[in-house]
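Q: Provided herewith: upload.cif, mmCIF, C-alpha atoms.
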```
data_structure
#
loop_
_atom_site.label_atom_id
_atom_site.label_comp_id
_atom_site.auth_asym_id
_atom_site.auth_seq_id
_atom_site.Cartn_x
_atom_site.Cartn_y
_atom_site.Cartn_z
CA MET A 1 -140.41 -114.13 -105.25
CA LEU A 2 -138.12 -113.42 -108.19
CA SER A 3 -135.90 -116.37 -107.32
CA VAL A 4 -138.88 -118.69 -107.33
CA THR A 5 -139.92 -117.53 -110.80
CA LEU A 6 -136.37 -117.94 -112.08
CA ARG A 7 -136.13 -121.42 -110.65
CA ASN A 8 -139.45 -122.28 -112.22
CA LEU A 9 -138.16 -121.07 -115.58
CA ALA A 10 -134.95 -123.04 -115.18
CA VAL A 11 -136.89 -126.20 -114.45
CA ARG A 12 -139.00 -125.68 -117.51
CA LEU A 13 -135.90 -125.18 -119.64
CA VAL A 14 -134.30 -128.34 -118.36
CA VAL A 15 -137.48 -130.31 -119.00
CA ALA A 16 -137.68 -128.94 -122.53
CA VAL A 17 -134.05 -129.81 -123.25
CA VAL A 18 -134.39 -133.32 -121.88
CA LEU A 19 -137.59 -133.90 -123.91
CA THR A 20 -135.96 -132.67 -127.11
CA PHE A 21 -132.88 -134.76 -126.45
CA SER A 22 -134.81 -137.91 -125.72
CA GLN A 23 -136.92 -137.48 -128.86
CA ASN A 24 -133.78 -137.08 -130.95
CA LEU A 25 -132.23 -140.04 -129.23
CA GLY A 26 -135.35 -142.11 -129.98
CA SER A 27 -135.37 -141.41 -133.68
CA ALA A 28 -131.63 -141.94 -133.91
CA ARG A 29 -131.90 -145.42 -132.41
CA ALA A 30 -135.05 -146.67 -134.10
CA GLU A 31 -135.93 -145.69 -137.62
CA ASP A 32 -139.64 -145.64 -138.40
CA ILE A 33 -140.79 -148.08 -141.03
CA THR A 34 -143.74 -148.38 -143.40
CA VAL A 35 -145.36 -151.66 -144.44
CA ASN A 36 -147.43 -151.24 -147.59
CA ILE A 37 -150.45 -153.37 -148.40
CA ASP A 38 -150.71 -154.01 -152.13
CA ASN A 39 -152.60 -156.80 -153.86
CA PHE A 40 -153.59 -158.44 -150.55
CA THR A 41 -149.92 -158.69 -149.54
CA PHE A 42 -147.88 -157.06 -146.76
CA GLU A 43 -144.66 -155.63 -148.17
CA PRO A 44 -142.34 -156.36 -146.50
CA ALA A 45 -144.03 -159.29 -144.78
CA GLN A 46 -140.99 -160.15 -142.64
CA LEU A 47 -139.27 -157.35 -140.79
CA THR A 48 -136.65 -157.01 -138.06
CA VAL A 49 -136.69 -153.73 -136.10
CA LYS A 50 -135.16 -152.25 -132.95
CA VAL A 51 -137.14 -151.65 -129.77
CA GLY A 52 -138.83 -148.26 -129.99
CA THR A 53 -139.54 -148.48 -133.71
CA THR A 54 -142.89 -147.27 -134.98
CA VAL A 55 -144.24 -149.36 -137.85
CA THR A 56 -146.94 -147.85 -140.03
CA TRP A 57 -149.12 -150.05 -142.23
CA LYS A 58 -150.63 -148.33 -145.24
CA ASN A 59 -153.49 -149.88 -147.21
CA ARG A 60 -153.08 -149.19 -150.92
CA ASP A 61 -155.74 -151.72 -152.04
CA ASP A 62 -159.31 -150.92 -153.10
CA ILE A 63 -160.55 -153.25 -150.37
CA PRO A 64 -160.35 -152.67 -146.60
CA HIS A 65 -157.83 -154.62 -144.55
CA THR A 66 -156.97 -154.91 -140.86
CA ILE A 67 -153.74 -155.56 -138.98
CA VAL A 68 -154.11 -157.88 -136.01
CA SER A 69 -151.45 -159.39 -133.77
CA ALA A 70 -153.24 -161.68 -131.33
CA GLY A 71 -153.17 -160.21 -127.83
CA LYS A 72 -150.82 -157.40 -128.91
CA PHE A 73 -152.52 -154.93 -131.21
CA LYS A 74 -155.50 -154.62 -133.52
CA SER A 75 -156.29 -151.92 -136.06
CA LYS A 76 -159.70 -150.80 -137.20
CA ALA A 77 -160.60 -151.67 -140.78
CA LEU A 78 -158.38 -149.53 -142.99
CA ASP A 79 -160.04 -148.19 -146.10
CA THR A 80 -157.97 -147.28 -149.17
CA ASP A 81 -155.00 -145.05 -148.19
CA ASP A 82 -155.74 -145.35 -144.46
CA SER A 83 -152.83 -146.07 -142.12
CA TYR A 84 -152.29 -147.68 -138.76
CA SER A 85 -149.19 -147.26 -136.58
CA PHE A 86 -147.86 -149.23 -133.65
CA THR A 87 -144.73 -148.53 -131.61
CA PHE A 88 -142.87 -151.63 -130.46
CA THR A 89 -141.60 -151.10 -126.92
CA ALA A 90 -140.70 -154.69 -126.11
CA ALA A 91 -138.51 -157.23 -127.86
CA GLY A 92 -140.09 -160.36 -129.28
CA ASP A 93 -141.78 -161.85 -132.34
CA TYR A 94 -145.05 -160.25 -133.42
CA PRO A 95 -146.89 -162.33 -136.01
CA PHE A 96 -149.75 -160.36 -137.59
CA PHE A 97 -152.48 -160.94 -140.16
CA CYS A 98 -155.52 -159.37 -141.79
CA SER A 99 -158.58 -160.61 -139.91
CA LEU A 100 -160.72 -160.10 -143.04
CA HIS A 101 -158.37 -161.95 -145.40
CA PRO A 102 -156.47 -164.31 -143.09
CA HIS A 103 -154.25 -165.62 -145.86
CA MET A 104 -152.47 -162.26 -145.53
CA THR A 105 -149.79 -162.76 -142.87
CA GLY A 106 -146.50 -161.26 -141.73
CA THR A 107 -144.09 -161.13 -138.77
CA ILE A 108 -142.20 -158.34 -137.07
CA LYS A 109 -139.18 -159.34 -135.04
CA VAL A 110 -138.29 -156.72 -132.44
CA GLU A 111 -134.72 -156.81 -131.04
CA MET B 1 -194.61 -175.72 -140.00
CA SER B 2 -197.80 -175.92 -142.08
CA GLU B 3 -195.58 -175.37 -145.09
CA PHE B 4 -194.29 -178.87 -144.51
CA ASP B 5 -197.58 -180.07 -145.95
CA HIS B 6 -195.80 -179.73 -149.25
CA ASP B 7 -193.11 -182.19 -148.30
CA HIS B 8 -193.72 -184.89 -150.85
CA ASN B 9 -192.62 -188.05 -149.17
CA ASP B 10 -194.65 -189.97 -151.71
CA GLN B 11 -191.94 -189.25 -154.23
CA GLY B 12 -190.08 -192.32 -153.05
CA PRO B 13 -188.70 -194.04 -150.03
CA GLU B 14 -186.72 -191.91 -147.66
CA ASP B 15 -183.56 -193.92 -148.10
CA GLY B 16 -182.59 -191.84 -151.10
CA SER B 17 -183.36 -194.34 -153.83
CA GLY B 18 -184.22 -191.50 -156.13
CA VAL B 19 -180.61 -190.49 -156.32
CA SER B 20 -180.20 -190.54 -160.06
CA ARG B 21 -183.12 -188.21 -160.53
CA ARG B 22 -181.87 -186.02 -157.78
CA ARG B 23 -178.52 -185.71 -159.44
CA VAL B 24 -180.07 -184.07 -162.41
CA LEU B 25 -178.88 -180.55 -162.59
CA GLU B 26 -179.16 -178.29 -165.51
CA CYS B 27 -177.77 -174.88 -165.26
CA MET B 28 -178.51 -173.29 -168.53
CA THR B 29 -177.10 -169.86 -168.12
CA TRP B 30 -174.56 -167.98 -166.14
CA ALA B 31 -175.52 -164.71 -167.64
CA GLY B 32 -174.88 -162.42 -164.73
CA THR B 33 -177.22 -160.57 -162.43
CA GLY B 34 -178.55 -163.17 -160.12
CA VAL B 35 -179.39 -166.78 -159.87
CA LEU B 36 -182.94 -167.93 -160.30
CA TRP B 37 -183.29 -171.21 -158.47
CA THR B 38 -186.10 -173.65 -158.94
CA ILE B 39 -186.30 -176.44 -156.42
CA SER B 40 -188.48 -179.14 -157.84
CA GLY B 41 -188.79 -182.02 -155.45
CA GLY B 42 -185.31 -181.50 -154.21
CA VAL B 43 -182.67 -180.85 -156.80
CA PRO B 44 -181.68 -177.54 -158.30
CA ARG B 45 -182.70 -177.14 -161.86
CA SER B 46 -182.05 -174.37 -164.25
CA LEU B 47 -185.02 -172.65 -165.71
CA GLY B 48 -182.90 -171.29 -168.48
CA LEU B 49 -183.08 -167.68 -169.47
CA VAL B 50 -185.68 -165.49 -167.90
CA GLY B 51 -187.72 -165.62 -171.10
CA ALA B 52 -187.78 -169.42 -171.01
CA ALA B 53 -188.77 -169.33 -167.35
CA GLN B 54 -191.69 -167.14 -168.22
CA ALA B 55 -192.81 -169.57 -170.91
CA ALA B 56 -192.54 -172.53 -168.55
CA GLN B 57 -194.40 -170.78 -165.71
CA PRO B 58 -192.74 -172.91 -163.01
CA ALA B 59 -194.92 -173.73 -160.06
CA GLY B 60 -193.74 -174.21 -156.51
CA LEU B 61 -191.31 -172.10 -154.56
CA THR B 62 -189.17 -169.51 -156.29
CA PHE B 63 -186.75 -167.44 -154.30
CA LEU B 64 -184.03 -165.02 -155.14
CA GLN B 65 -180.40 -164.67 -154.15
CA ILE B 66 -178.53 -161.40 -154.13
CA SER B 67 -175.04 -160.98 -152.77
CA ASP B 68 -172.14 -158.64 -152.19
CA SER B 69 -173.92 -155.35 -152.70
CA HIS B 70 -170.98 -153.52 -151.01
CA VAL B 71 -173.00 -150.35 -150.51
CA GLY B 72 -170.43 -147.59 -150.02
CA PHE B 73 -167.94 -148.95 -152.55
CA ASP B 74 -166.89 -146.16 -154.93
CA LYS B 75 -163.56 -147.27 -156.37
CA PRO B 76 -162.68 -147.47 -160.11
CA ALA B 77 -164.07 -151.01 -160.52
CA ASN B 78 -167.52 -149.45 -159.98
CA PRO B 79 -167.78 -145.88 -158.70
CA ASN B 80 -171.54 -146.32 -158.21
CA ALA B 81 -172.29 -149.55 -156.34
CA ILE B 82 -175.54 -148.01 -155.08
CA GLY B 83 -176.65 -147.46 -158.65
CA THR B 84 -176.02 -151.07 -159.69
CA LEU B 85 -177.84 -152.34 -156.59
CA GLU B 86 -180.80 -150.22 -157.65
CA GLU B 87 -180.58 -151.74 -161.12
CA ALA B 88 -180.53 -155.24 -159.62
CA ILE B 89 -183.65 -154.53 -157.58
CA ALA B 90 -185.35 -153.10 -160.67
CA LYS B 91 -184.40 -156.31 -162.49
CA ILE B 92 -185.97 -158.37 -159.71
CA ASN B 93 -189.13 -156.27 -159.79
CA GLY B 94 -189.37 -156.93 -163.51
CA MET B 95 -189.05 -160.69 -163.25
CA PRO B 96 -191.96 -162.65 -164.71
CA THR B 97 -192.10 -165.01 -161.73
CA LYS B 98 -192.43 -163.09 -158.49
CA PRO B 99 -190.13 -164.73 -155.95
CA SER B 100 -191.52 -165.74 -152.56
CA PHE B 101 -188.60 -164.14 -150.75
CA MET B 102 -184.98 -163.20 -151.10
CA ILE B 103 -181.75 -164.29 -149.48
CA HIS B 104 -178.76 -161.96 -149.24
CA THR B 105 -175.46 -163.81 -148.87
CA GLY B 106 -173.53 -161.01 -147.22
CA ASP B 107 -171.30 -157.98 -147.75
CA ILE B 108 -174.40 -155.83 -147.73
CA THR B 109 -172.14 -152.86 -147.01
CA HIS B 110 -168.53 -152.08 -147.83
CA LEU B 111 -167.42 -150.62 -144.48
CA SER B 112 -170.28 -151.36 -142.04
CA LYS B 113 -171.24 -147.71 -141.74
CA ALA B 114 -174.74 -146.90 -140.51
CA ALA B 115 -175.47 -144.85 -143.64
CA GLU B 116 -174.41 -147.79 -145.82
CA PHE B 117 -176.77 -150.15 -144.00
CA ASP B 118 -179.54 -147.56 -144.27
CA ASN B 119 -179.01 -147.10 -148.01
CA ALA B 120 -178.94 -150.86 -148.56
CA GLN B 121 -182.18 -151.26 -146.61
CA ARG B 122 -183.87 -148.42 -148.47
CA ILE B 123 -183.00 -149.91 -151.88
CA ILE B 124 -183.45 -153.63 -151.17
CA SER B 125 -186.82 -153.04 -149.49
CA GLN B 126 -188.08 -151.72 -152.82
CA ALA B 127 -188.33 -155.35 -153.95
CA LYS B 128 -191.10 -155.70 -151.34
CA LEU B 129 -189.90 -159.18 -150.41
CA ASP B 130 -188.89 -160.75 -147.12
CA VAL B 131 -185.10 -160.87 -147.06
CA HIS B 132 -183.10 -163.46 -145.13
CA TYR B 133 -179.59 -162.20 -144.52
CA VAL B 134 -176.28 -163.72 -143.55
CA PRO B 135 -173.33 -161.43 -142.87
CA GLY B 136 -170.14 -161.02 -144.88
CA GLU B 137 -166.87 -159.87 -143.36
CA HIS B 138 -167.62 -156.33 -144.60
CA ASP B 139 -170.74 -156.21 -142.40
CA PHE B 140 -168.85 -156.68 -139.12
CA LEU B 141 -166.34 -153.82 -139.41
CA ASP B 142 -167.90 -151.36 -136.95
CA GLU B 143 -166.14 -151.04 -133.62
CA GLU B 144 -168.83 -152.77 -131.56
CA ILE B 145 -170.02 -155.09 -134.34
CA LYS B 146 -173.59 -154.11 -133.59
CA LEU B 147 -175.02 -152.45 -136.71
CA TYR B 148 -175.62 -155.72 -138.58
CA ARG B 149 -176.91 -157.50 -135.48
CA GLU B 150 -179.33 -154.71 -134.61
CA ARG B 151 -180.82 -154.87 -138.08
CA TYR B 152 -180.65 -158.53 -139.04
CA GLY B 153 -179.45 -160.48 -136.03
CA ARG B 154 -182.75 -160.71 -134.15
CA ASP B 155 -184.01 -164.26 -133.74
CA THR B 156 -180.64 -165.68 -134.74
CA LYS B 157 -178.10 -167.71 -132.81
CA GLY B 158 -174.45 -166.90 -132.10
CA ALA B 159 -172.97 -164.52 -134.68
CA GLY B 160 -176.21 -164.70 -136.69
CA TRP B 161 -177.01 -168.24 -137.83
CA TYR B 162 -180.56 -169.62 -138.08
CA SER B 163 -182.84 -171.88 -140.05
CA PHE B 164 -186.39 -171.67 -141.38
CA ASP B 165 -188.79 -173.64 -143.55
CA ALA B 166 -190.60 -172.63 -146.71
CA SER B 167 -192.76 -174.82 -148.96
CA GLY B 168 -191.24 -177.99 -147.54
CA VAL B 169 -187.65 -176.81 -148.07
CA HIS B 170 -185.42 -176.37 -145.03
CA PHE B 171 -183.20 -173.27 -145.26
CA ILE B 172 -180.08 -172.86 -143.12
CA GLY B 173 -178.22 -169.53 -142.92
CA LEU B 174 -174.65 -169.91 -141.65
CA VAL B 175 -171.96 -167.42 -140.61
CA ASN B 176 -168.38 -168.18 -141.67
CA VAL B 177 -166.79 -164.73 -141.42
CA VAL B 178 -165.92 -164.44 -137.72
CA ASN B 179 -162.93 -165.58 -135.65
CA LEU B 180 -160.84 -166.19 -138.73
CA LYS B 181 -157.42 -167.60 -137.92
CA ALA B 182 -154.13 -166.32 -139.35
CA GLY B 183 -153.27 -168.26 -142.48
CA GLY B 184 -156.71 -169.88 -142.54
CA LEU B 185 -159.95 -169.70 -144.51
CA GLY B 186 -163.57 -168.98 -143.59
CA ASN B 187 -164.62 -170.45 -140.26
CA LEU B 188 -167.88 -171.84 -138.82
CA GLY B 189 -166.60 -172.82 -135.38
CA ALA B 190 -167.54 -175.58 -132.95
CA GLU B 191 -170.62 -173.87 -131.49
CA GLN B 192 -172.24 -173.32 -134.87
CA LEU B 193 -171.40 -176.84 -136.09
CA GLU B 194 -172.98 -178.27 -132.98
CA TRP B 195 -176.09 -176.21 -133.59
CA LEU B 196 -176.17 -177.40 -137.23
CA GLU B 197 -175.92 -181.05 -136.25
CA ASP B 198 -178.78 -180.54 -133.83
CA ASP B 199 -180.85 -178.61 -136.37
CA LEU B 200 -180.64 -181.51 -138.84
CA LYS B 201 -181.14 -184.29 -136.33
CA GLY B 202 -184.31 -186.27 -136.89
CA ARG B 203 -185.17 -184.38 -140.05
CA SER B 204 -186.56 -186.48 -142.92
CA LYS B 205 -183.81 -187.26 -145.43
CA SER B 206 -186.21 -186.39 -148.22
CA THR B 207 -186.41 -182.80 -147.03
CA PRO B 208 -184.65 -180.59 -149.57
CA ILE B 209 -181.98 -178.55 -147.81
CA VAL B 210 -180.69 -175.16 -148.88
CA VAL B 211 -177.63 -173.90 -147.00
CA PHE B 212 -176.48 -170.33 -147.53
CA ALA B 213 -173.42 -168.52 -146.20
CA HIS B 214 -171.12 -165.74 -147.39
CA ILE B 215 -167.78 -167.46 -148.07
CA PRO B 216 -167.97 -170.63 -150.19
CA LEU B 217 -168.33 -173.68 -147.96
CA TRP B 218 -166.22 -175.70 -150.34
CA THR B 219 -162.60 -174.96 -151.22
CA VAL B 220 -162.59 -172.82 -154.33
CA TYR B 221 -159.09 -171.34 -154.11
CA PRO B 222 -157.29 -171.42 -150.75
CA GLU B 223 -154.47 -169.17 -152.00
CA TRP B 224 -157.02 -166.35 -151.94
CA GLY B 225 -158.83 -167.59 -148.85
CA TRP B 226 -161.80 -168.80 -150.91
CA GLY B 227 -163.07 -171.67 -148.84
CA THR B 228 -164.18 -172.60 -145.31
CA GLU B 229 -161.76 -174.27 -142.93
CA ASP B 230 -164.37 -176.51 -141.30
CA GLY B 231 -166.87 -176.53 -144.19
CA ALA B 232 -166.35 -180.28 -144.67
CA ARG B 233 -167.71 -180.92 -141.19
CA ALA B 234 -170.91 -179.07 -142.04
CA LEU B 235 -171.22 -181.15 -145.21
CA ASP B 236 -170.77 -184.34 -143.18
CA TYR B 237 -173.99 -183.53 -141.31
CA LEU B 238 -175.75 -183.09 -144.65
CA LYS B 239 -174.78 -186.52 -145.94
CA GLY B 240 -177.77 -188.72 -146.62
CA PHE B 241 -180.11 -185.91 -147.54
CA GLY B 242 -181.45 -186.44 -151.03
CA SER B 243 -181.04 -182.84 -152.08
CA VAL B 244 -178.63 -180.28 -150.71
CA THR B 245 -178.01 -176.91 -152.33
CA VAL B 246 -175.23 -174.66 -151.00
CA LEU B 247 -175.46 -171.01 -152.03
CA ASN B 248 -172.61 -168.58 -151.40
CA GLY B 249 -171.25 -165.20 -152.45
CA HIS B 250 -167.90 -163.57 -151.59
CA ILE B 251 -166.07 -164.37 -154.82
CA HIS B 252 -168.17 -162.05 -157.05
CA GLN B 253 -168.56 -164.52 -159.90
CA VAL B 254 -170.66 -167.52 -160.78
CA MET B 255 -169.09 -170.83 -159.96
CA GLN B 256 -170.74 -174.22 -159.61
CA LYS B 257 -169.80 -177.69 -158.55
CA VAL B 258 -171.98 -180.77 -158.15
CA GLU B 259 -170.82 -183.53 -155.82
CA GLY B 260 -173.23 -186.39 -155.26
CA ASN B 261 -176.46 -184.90 -154.00
CA VAL B 262 -174.85 -181.57 -153.18
CA THR B 263 -174.90 -178.64 -155.55
CA PHE B 264 -172.60 -175.74 -154.75
CA HIS B 265 -173.24 -172.42 -156.39
CA THR B 266 -171.90 -168.90 -155.98
CA ALA B 267 -173.77 -165.81 -157.12
CA ARG B 268 -172.51 -162.66 -158.74
CA SER B 269 -172.08 -159.42 -156.84
CA THR B 270 -174.23 -156.41 -157.58
CA ALA B 271 -171.23 -154.13 -156.95
CA PHE B 272 -168.03 -155.20 -158.75
CA PRO B 273 -166.53 -158.32 -160.34
CA GLN B 274 -163.51 -160.18 -159.02
CA PRO B 275 -161.03 -162.15 -161.13
CA ALA B 276 -161.18 -165.88 -161.76
CA PRO B 277 -159.00 -167.82 -159.29
CA GLY B 278 -155.31 -167.27 -159.95
CA SER B 279 -155.92 -165.11 -163.02
CA ALA B 280 -154.72 -161.90 -161.35
CA PRO B 281 -152.13 -160.94 -158.71
CA SER B 282 -154.89 -160.65 -156.08
CA PRO B 283 -158.65 -161.15 -155.66
CA GLY B 284 -159.19 -157.38 -155.52
CA PRO B 285 -161.96 -155.59 -157.44
CA MET B 286 -161.56 -156.16 -161.18
CA LYS B 287 -161.75 -153.10 -163.41
CA VAL B 288 -163.35 -153.90 -166.74
CA ALA B 289 -164.49 -151.70 -169.62
CA ASP B 290 -167.57 -149.67 -168.66
CA ASP B 291 -169.74 -151.47 -171.21
CA LYS B 292 -168.72 -154.88 -169.81
CA LEU B 293 -169.40 -154.20 -166.11
CA ARG B 294 -173.13 -154.95 -166.08
CA GLY B 295 -172.57 -158.28 -167.79
CA LEU B 296 -170.52 -159.34 -164.76
CA LEU B 297 -172.93 -158.17 -162.05
CA GLY B 298 -176.25 -159.77 -161.28
CA VAL B 299 -178.68 -161.76 -159.15
CA ALA B 300 -179.83 -165.36 -158.99
CA SER B 301 -183.24 -166.95 -158.93
CA ILE B 302 -184.06 -170.40 -157.63
CA ASN B 303 -187.22 -172.43 -158.12
CA PHE B 304 -188.44 -175.47 -156.25
CA LYS B 305 -191.27 -177.46 -157.72
CA ALA B 306 -192.95 -179.95 -155.44
CA GLY B 307 -193.37 -183.35 -157.02
CA GLU B 308 -190.27 -183.18 -159.17
CA GLN B 309 -186.80 -183.92 -157.87
CA ARG B 310 -185.38 -180.81 -159.38
CA LEU B 311 -184.28 -177.38 -158.36
CA ALA B 312 -183.50 -174.71 -160.91
CA ILE B 313 -181.00 -171.89 -160.74
CA ILE B 314 -180.91 -168.95 -163.08
CA ASP B 315 -178.15 -166.36 -162.96
CA THR B 316 -179.33 -163.13 -164.47
CA PRO B 317 -176.89 -160.33 -165.28
CA LEU B 318 -177.81 -156.68 -164.99
CA GLN B 319 -177.23 -156.50 -168.70
CA GLY B 320 -176.63 -158.89 -171.60
#
```
In structure tokens, what does this structure look like?

A:
Amino acid sequence: MLSVTLRNLAVRLVVAVVLTFSQNLGSARAEDITVNIDNFTFEPAQLTVKVGTTVTWKNRDDIPHTIVSAGKFKSKALDTDDSYSFTFTAAGDYPFFCSLHPHMTGTIKVE
Amino acid sequence: MSEFDHDHNDQGPEDGSGVSRRRVLECMTWAGTGVLWTISGGVPRSLGLVGAAQAAQPAGLTFLQISDSHVGFDKPANPNAIGTLEEAIAKINGMPTKPSFMIHTGDITHLSKAAEFDNAQRIISQAKLDVHYVPGEHDFLDEEIKLYRERYGRDTKGAGWYSFDASGVHFIGLVNVVNLKAGGLGNLGAEQLEWLEDDLKGRSKSTPIVVFAHIPLWTVYPEWGWGTEDGARALDYLKGFGSVTVLNGHIHQVMQKVEGNVTFHTARSTAFPQPAPGSAPSPGPMKVADDKLRGLLGVASINFKAGEQRLAIIDTPLQG
């Protein structure tokens, strides 16, 4: 009975170590990035990131905006100081825009 | 349809020979709160200031336009958008000519929250007028896009378009705030355009037409998205009508253009002003001195007088 408990503990330890390691590995490979929305403009509007990167859009305008990439992701309306994050797990080009103010556009290239 | 009894075909042949009269447009004041429109026989005509309107006692149909109430907005450009909407309704209640009804050209709420819709309804209903709504992009922000439709979408087509008749004038409410394309402007879409063509088919060309939608149907300033991608197609269907008036909101300032028999007009917001095209880094809410704000907010009043080819618009500010 004791051996079972020990083995159980060992498994848990290994799982914990692997999880910690993989999280560290993730952040080491892909730095997280913020895109600010100011004056109805995405800044930066063009961005190249590595697979696994989390991009966070932050609305700093007094008007709500959305972030929509057709068929890929879609935020709710972000009020002032609201944020939306998306983690890019596949390479490719992700054009996005604000569905309320469609002249606001940008592209994220994931490599 | 009995209201069509007031359609004065005896004003001239239906081929539009009265064009020069119909082109007459006087817009005497862009003061601020709203636009008072008088449609007299077909063409918009300014009644001048509210005082002058009272003196003239215009007969016929008078209706009111309010727009962009943005209930829920509380940012520095106007921390109390509910308060200024209340002031606008008080202004309407104090008008010497009681309007027959009201149109609201969208952005009733700021974030499409149920409480915002409820507050808007509670305040606007104090005018005790029928209100014909079209949605702005701020009214379709809830997850299921149902709050606007539940309240105002009954008896409408598609995303909320419809038409109705009053005193011989044909009113068309359009929706140009859905399915917007990246890099584009406002959008009506094929289904709505088809409906519009059908709605106008066979209609007497002497029928005065009033079209209202949230985003300007004509291109005001594409750099800020102020225009409608397929607005020109809608206007094509309106060619040949002796009098067409297009009323919009969205840009939170008075702007007017007359092109042939078509008069385009945008109304002020009751919530906050926006900058003139290109005069600021973005079209965001414009912060002005506290004592200037109410001169830039307002409503509009429109009067149609049967027997005269004129329609009058009065913009009335909350103050000044």

Q: Output as JSON, numbers by chain the set of chain A residues within 9 Å of chain B, with distances taken over all atoms listed in the file.

A: {"A": [38, 39, 40, 41, 61, 62, 63, 64, 76, 77, 79, 95, 96, 97, 98, 99, 100, 101, 102, 103, 104, 105]}

Q: Stretch 59-76 of chain A, all listed atoms, 6 Å padding on each side: what axis-aligned box centre and edge lengths in Å to one decimal come out, as AutoDock Vina command-line options?

A:
```
--center_x -155.7 --center_y -155.4 --center_z -140.5 --size_x 21.7 --size_y 24.5 --size_z 37.3
```

Q: Could you jot down the atom CA of B:Asp236 to atom CA of B:Glu259 separation for me, Å, one decimal place?

A: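 Atom-to-atom, atom CA of B:Asp236 to atom CA of B:Glu259, that is 12.7 Å.
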
Q: At a cut-off of 12 Å, using all atoms listed in the file, what residues contact B:Asn80? Leave out same-chain residues fewer than 6 positions from it and give the result as a list of chain:residue names.

A: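 Using all atoms listed in the file, the neighbours found are B:Ser69, B:His70, B:Val71, B:Gly72, B:Phe73, B:Asp74, B:Glu86, B:Glu87, B:Thr270, B:Ala271, B:Phe272, B:Asp290, B:Leu293, B:Arg294.
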
Q: Expand the PyMOL selection byres ((chain A and resi 82) around 9) into the individual residues it matches in the shown file, reporting them as number ranges by chain.

A: A: 57-60, 64, 77-81, 83-84

Q: Take the residues that were just selected and, keeping C-alpha atoms, output them as a PDB file, in the frame of the given file.

A:
```pdb
ATOM      1  CA  TRP A  57    -149.120-150.050-142.230  1.00  0.00           C
ATOM      2  CA  LYS A  58    -150.630-148.330-145.240  1.00  0.00           C
ATOM      3  CA  ASN A  59    -153.490-149.880-147.210  1.00  0.00           C
ATOM      4  CA  ARG A  60    -153.080-149.190-150.920  1.00  0.00           C
ATOM      5  CA  PRO A  64    -160.350-152.670-146.600  1.00  0.00           C
ATOM      6  CA  ALA A  77    -160.600-151.670-140.780  1.00  0.00           C
ATOM      7  CA  LEU A  78    -158.380-149.530-142.990  1.00  0.00           C
ATOM      8  CA  ASP A  79    -160.040-148.190-146.100  1.00  0.00           C
ATOM      9  CA  THR A  80    -157.970-147.280-149.170  1.00  0.00           C
ATOM     10  CA  ASP A  81    -155.000-145.050-148.190  1.00  0.00           C
ATOM     11  CA  SER A  83    -152.830-146.070-142.120  1.00  0.00           C
ATOM     12  CA  TYR A  84    -152.290-147.680-138.760  1.00  0.00           C
TER      13      TYR A  84
END
```

Q: Applied to this file, what does the PyMOL selection byres ((chain A and resi 85) around 10) return in terms of residues, put as number ranges by chain?

A: A: 32-35, 54-58, 67, 73, 75, 83-84, 86-88

Q: So what does the PyMOL selection byres ((chain B and resi 188) around 12) actually pick up in this one, as an MDAnalysis selection string?

A: chainID B and resid 158:161 173:181 184:187 189:196 213:217 227:235

Q: Would you pick out the contacts of B:Ser163 at 8 Å or less, using all atoms listed in the file, so that residues sharing its chain but fewer than 5 positions from it are not included, and give the list as an mmCIF file with C-alpha atoms, in the frame of the given file?

A:
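Result written to selection_17.cif:
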```
data_model
loop_
_atom_site.group_PDB
_atom_site.id
_atom_site.type_symbol
_atom_site.label_atom_id
_atom_site.label_comp_id
_atom_site.auth_asym_id
_atom_site.auth_seq_id
_atom_site.Cartn_x
_atom_site.Cartn_y
_atom_site.Cartn_z
ATOM 1 C CA HIS B 170 -185.420 -176.370 -145.030
ATOM 2 C CA PHE B 171 -183.200 -173.270 -145.260
ATOM 3 C CA ILE B 172 -180.080 -172.860 -143.120
ATOM 4 C CA GLY B 173 -178.220 -169.530 -142.920
ATOM 5 C CA ASP B 199 -180.850 -178.610 -136.370
#
```

Q: Using Å and a single decimal, report how far atom CA of B:Gln126 sits from atom CA of B:Pro96.

A: 16.6 Å
